[in-house]
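Since the structure comes first, as structure tokens, the remarks are kept for the end.
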Amino acid sequence: MSQLLSGQVALVTGAAAGIGRATAQAFAREGIKVVVSDVDAQGGEATVELIRAAGGEATFIRCDVTRDAEVQALVAGTVAAYGRLDYAFNNAGIEIEQGKLADGQESEFDAIIGVNVKGVWLCMKHQIPVMLAQGGGAIVNTASVAGLGAAPKMSIYAASKHAVIGLTKSAAIEYAKKKVRINAVCPAVIDTDMFRRAYEVDPKKAEFAAAMHPVGRVGKVEEIASAVLYLCSDNAGFTTGIALPVDGGATAI
Ligand code: NAD
């Protein structure tokens with residue numbers, strides 16, 4: 001029982017694949033109208049088709065979250081399509097293995113910070129005024145367990161996800177009395193296409209990834225989706241400004 005209200009409207013970025021697609025589908029199963037957004041139009045349209053085939057309502061709006069004008073147009077397009085914006089899942093992100101810190105490249109820094117930090121900031125910047133005007137809403141940003149601790153050979157990624165948590169907590173306090181709740185979800189390793197491609201090459205790495213989690217396996221995209229729906233729902237009505245690990249116990253070690 002998610003206690004999301006049928007007929008409400010959700011916006012999901014990075015929804016052409018992986019965690020974003022699964023969460024868009026989960027919203028739609030609850031009767032929520034979903035705006036599916038991504039830079040990948042083909043994958044985004046495929047997510048919309050999956051939702052419609054299952055009887056849900058969704059529309060695709062292409063958006064590069066690093067571009068202010070595109071994010072502004074995405075939020076305006078959501079309101080134009082469905083009249084409001086109740087839930088936003090700011091999930092678009094990129095992950096590049098950079099080697100040790102001194103081996104990182106300026107171009108990698110700009111790319112990772114651009115999508116993972118500026119993208120989340122721009123999304124919230126344009127979503128919050130709409131939620132304030134309609135009397136409330138809920139935002140969930142995708143951070144990572146790499147936002148809660150070290151990520152060797154991925155220091156820029158770790159910095160970007162720590163920044164997502166900083167943005168989330170600060171905004172949550174700023175809008176707490178205005179009925180806009182803002183939280184972050186922190187996945188550990190999740191079984192996505194990206195994960196499978198990387199580990200098909202070296203199955204030993206898959207075993208290593210599973211062993212990183214006390215539960216003995218990597219996570220499922222649906223397990224992140226259900227955490228996001230919980231954080232958006234009235235069940236989490238007293239919860240704002242948290243960074244929720246969904247990590248098979250990884251951060252408890
Ligand atoms: P994914 O690559 O399947 O999905 C990410 C999506 O973001 C893609 O569809 C991609 O096209 C989109 N995207 C990239 N740059 C964009 C941009 N500039 N504008 C709009 N969309 C853009 O990966 P995923 O695993 O589903 O990752 C989703 C989120 O979860 C990311 O923020 C990632 O950092 C985070 N995360 C993933 C894992 C994991 O193990 N998969 C773990 C922790 C956190």
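Every chain in the structure tokens has a letter given in the order shown (A, B, ...), and although residue numbers restart at 1 in each chain, ligands are simply numbered from 1 in the order shown.
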Exercise. Assign secondary structure with DSSP using the backbone only, and return the residues of range 73-186 of chain A in strand (DSSP E or B) as an MDAnalysis selection string.
Key: chainID A and resid 87:90 137:142 180:186
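Using only C-alpha atoms, the contacts of range 145-147 of chain A at a cut-off of 8 Å, with sequence neighbours closer than 3 positions omitted, comprise A:Ala150, A:Ala151, A:Tyr157, A:Ala158, A:Ala159, A:Ser160, A:Lys161, A:His162, A:Ala163, A:Val164, A:Ile165, A:Cys186, A:Pro187, A:Ala188, A:Pro245, A:Asp247, A:Thr251.
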Practice problem: Name the residues in contact with range 191-206 of chain A at a cut-off of 6 Å, using only C-alpha atoms, excluding same-chain residues fewer than 3 positions from it; report them as number ranges by chain. | Solution: A: 18, 209, 219-220
Self-check item: Surroundings of ligand 1 up to 8 Å, based on only C-alpha atoms and all ligand atoms, as number ranges by chain
Solution: A: 13-21, 37-40, 43-44, 62-66, 90-95, 114-116, 119, 142-146, 157, 161, 186-195, 219, 221
Practice problem: Would you mind listing what lies within 10 Å of Phe89 in chain A as number ranges by chain, with only C-alpha atoms counted and same-chain residues fewer than 5 positions away left out? | Solution: A: 10-15, 20, 23-24, 120, 123-124, 138-142, 183-185, 225, 228-229, 232
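For the residues A:Glu97, A:Ile61, A:Ser233, A:Val79, ranking by smallest atom-to-atom distance to Ser6 in chain A using only C-alpha atoms places A:Ser233 first.
For the pair CA of Pro214 in chain A and CA of Pro152 in chain A, the interatomic distance is 19.5 Å.
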Quiz item: What gap, in Å, lies between CA of Met154 in chain A and CA of Arg181 in chain A?
Solution: 29.7 Å
Self-check item: Top pick for closest residue to Lys179 in chain A, considering A:Ile128, A:Ile156, A:Ala88, A:Val36 and counting only C-alpha atoms
Solution: A:Ile128
Self-check item: Test item, helix (DSSP H, G or I) assignment across range 78-178 of chain A, answer as a VMD selection string
Solution: chain A and resid 78 to 82 101 to 103 106 to 134 145 to 147 155 to 174 176 to 178
File of the preceding selection, C-alpha atoms, as a PDB file, in the first residue's frame:
ATOM      1  CA  THR A  78       4.933  18.287 -17.429  1.00  0.00           C
ATOM      2  CA  VAL A  79       2.466  20.887 -16.169  1.00  0.00           C
ATOM      3  CA  ALA A  80       1.204  21.474 -19.721  1.00  0.00           C
ATOM      4  CA  ALA A  81       0.649  17.721 -20.235  1.00  0.00           C
ATOM      5  CA  TYR A  82      -0.934  16.778 -16.906  1.00  0.00           C
ATOM      6  CA  LEU A 101      42.391  10.748  -7.887  1.00  0.00           C
ATOM      7  CA  ALA A 102      45.623  12.011  -9.466  1.00  0.00           C
ATOM      8  CA  ASP A 103      44.809  10.144 -12.687  1.00  0.00           C
ATOM      9  CA  GLU A 106      39.236  17.615 -16.052  1.00  0.00           C
ATOM     10  CA  SER A 107      36.749  16.488 -18.714  1.00  0.00           C
ATOM     11  CA  GLU A 108      35.597  13.626 -16.437  1.00  0.00           C
ATOM     12  CA  PHE A 109      35.169  16.022 -13.515  1.00  0.00           C
ATOM     13  CA  ASP A 110      33.071  18.438 -15.589  1.00  0.00           C
ATOM     14  CA  ALA A 111      30.929  15.648 -17.062  1.00  0.00           C
ATOM     15  CA  ILE A 112      30.189  13.884 -13.764  1.00  0.00           C
ATOM     16  CA  ILE A 113      29.563  17.041 -11.743  1.00  0.00           C
ATOM     17  CA  GLY A 114      27.518  18.452 -14.627  1.00  0.00           C
ATOM     18  CA  VAL A 115      25.000  15.610 -14.788  1.00  0.00           C
ATOM     19  CA  ASN A 116      24.985  14.366 -11.196  1.00  0.00           C
ATOM     20  CA  VAL A 117      25.131  17.687  -9.322  1.00  0.00           C
ATOM     21  CA  LYS A 118      24.105  20.527 -11.641  1.00  0.00           C
ATOM     22  CA  GLY A 119      21.397  18.302 -13.111  1.00  0.00           C
ATOM     23  CA  VAL A 120      19.807  17.587  -9.726  1.00  0.00           C
ATOM     24  CA  TRP A 121      20.133  21.250  -8.714  1.00  0.00           C
ATOM     25  CA  LEU A 122      18.477  22.484 -11.924  1.00  0.00           C
ATOM     26  CA  CYS A 123      15.660  19.950 -11.613  1.00  0.00           C
ATOM     27  CA  MET A 124      14.848  20.991  -8.038  1.00  0.00           C
ATOM     28  CA  LYS A 125      15.226  24.692  -8.924  1.00  0.00           C
ATOM     29  CA  HIS A 126      12.418  24.395 -11.484  1.00  0.00           C
ATOM     30  CA  GLN A 127      10.254  21.786  -9.715  1.00  0.00           C
ATOM     31  CA  ILE A 128      10.033  23.454  -6.302  1.00  0.00           C
ATOM     32  CA  PRO A 129       8.195  26.627  -7.465  1.00  0.00           C
ATOM     33  CA  VAL A 130       5.514  24.459  -9.125  1.00  0.00           C
ATOM     34  CA  MET A 131       5.094  22.397  -5.944  1.00  0.00           C
ATOM     35  CA  LEU A 132       4.957  25.541  -3.774  1.00  0.00           C
ATOM     36  CA  ALA A 133       2.285  27.057  -6.010  1.00  0.00           C
ATOM     37  CA  GLN A 134       0.070  23.959  -5.793  1.00  0.00           C
ATOM     38  CA  VAL A 145      26.245   4.649  -1.064  1.00  0.00           C
ATOM     39  CA  ALA A 146      29.151   6.504  -2.723  1.00  0.00           C
ATOM     40  CA  GLY A 147      27.501   9.637  -1.280  1.00  0.00           C
ATOM     41  CA  SER A 155      36.393   9.916  -6.189  1.00  0.00           C
ATOM     42  CA  ILE A 156      34.679  12.398  -8.521  1.00  0.00           C
ATOM     43  CA  TYR A 157      31.561  10.217  -8.592  1.00  0.00           C
ATOM     44  CA  ALA A 158      31.696   9.982  -4.780  1.00  0.00           C
ATOM     45  CA  ALA A 159      32.041  13.776  -4.539  1.00  0.00           C
ATOM     46  CA  SER A 160      29.064  14.214  -6.874  1.00  0.00           C
ATOM     47  CA  LYS A 161      26.852  11.936  -4.787  1.00  0.00           C
ATOM     48  CA  HIS A 162      27.929  13.604  -1.501  1.00  0.00           C
ATOM     49  CA  ALA A 163      26.890  16.866  -3.185  1.00  0.00           C
ATOM     50  CA  VAL A 164      23.471  15.411  -4.078  1.00  0.00           C
ATOM     51  CA  ILE A 165      22.949  14.687  -0.381  1.00  0.00           C
ATOM     52  CA  GLY A 166      24.055  18.219   0.529  1.00  0.00           C
ATOM     53  CA  LEU A 167      21.596  19.727  -1.941  1.00  0.00           C
ATOM     54  CA  THR A 168      18.840  17.394  -0.713  1.00  0.00           C
ATOM     55  CA  LYS A 169      19.277  18.173   2.981  1.00  0.00           C
ATOM     56  CA  SER A 170      19.617  21.935   2.482  1.00  0.00           C
ATOM     57  CA  ALA A 171      16.562  22.182   0.244  1.00  0.00           C
ATOM     58  CA  ALA A 172      14.570  19.932   2.595  1.00  0.00           C
ATOM     59  CA  ILE A 173      15.120  22.372   5.461  1.00  0.00           C
ATOM     60  CA  GLU A 174      14.387  25.410   3.304  1.00  0.00           C
ATOM     61  CA  ALA A 176      10.021  21.924   5.222  1.00  0.00           C
ATOM     62  CA  LYS A 177       7.204  24.219   6.359  1.00  0.00           C
ATOM     63  CA  LYS A 178       5.845  24.536   2.815  1.00  0.00           C
TER      64      LYS A 178
END
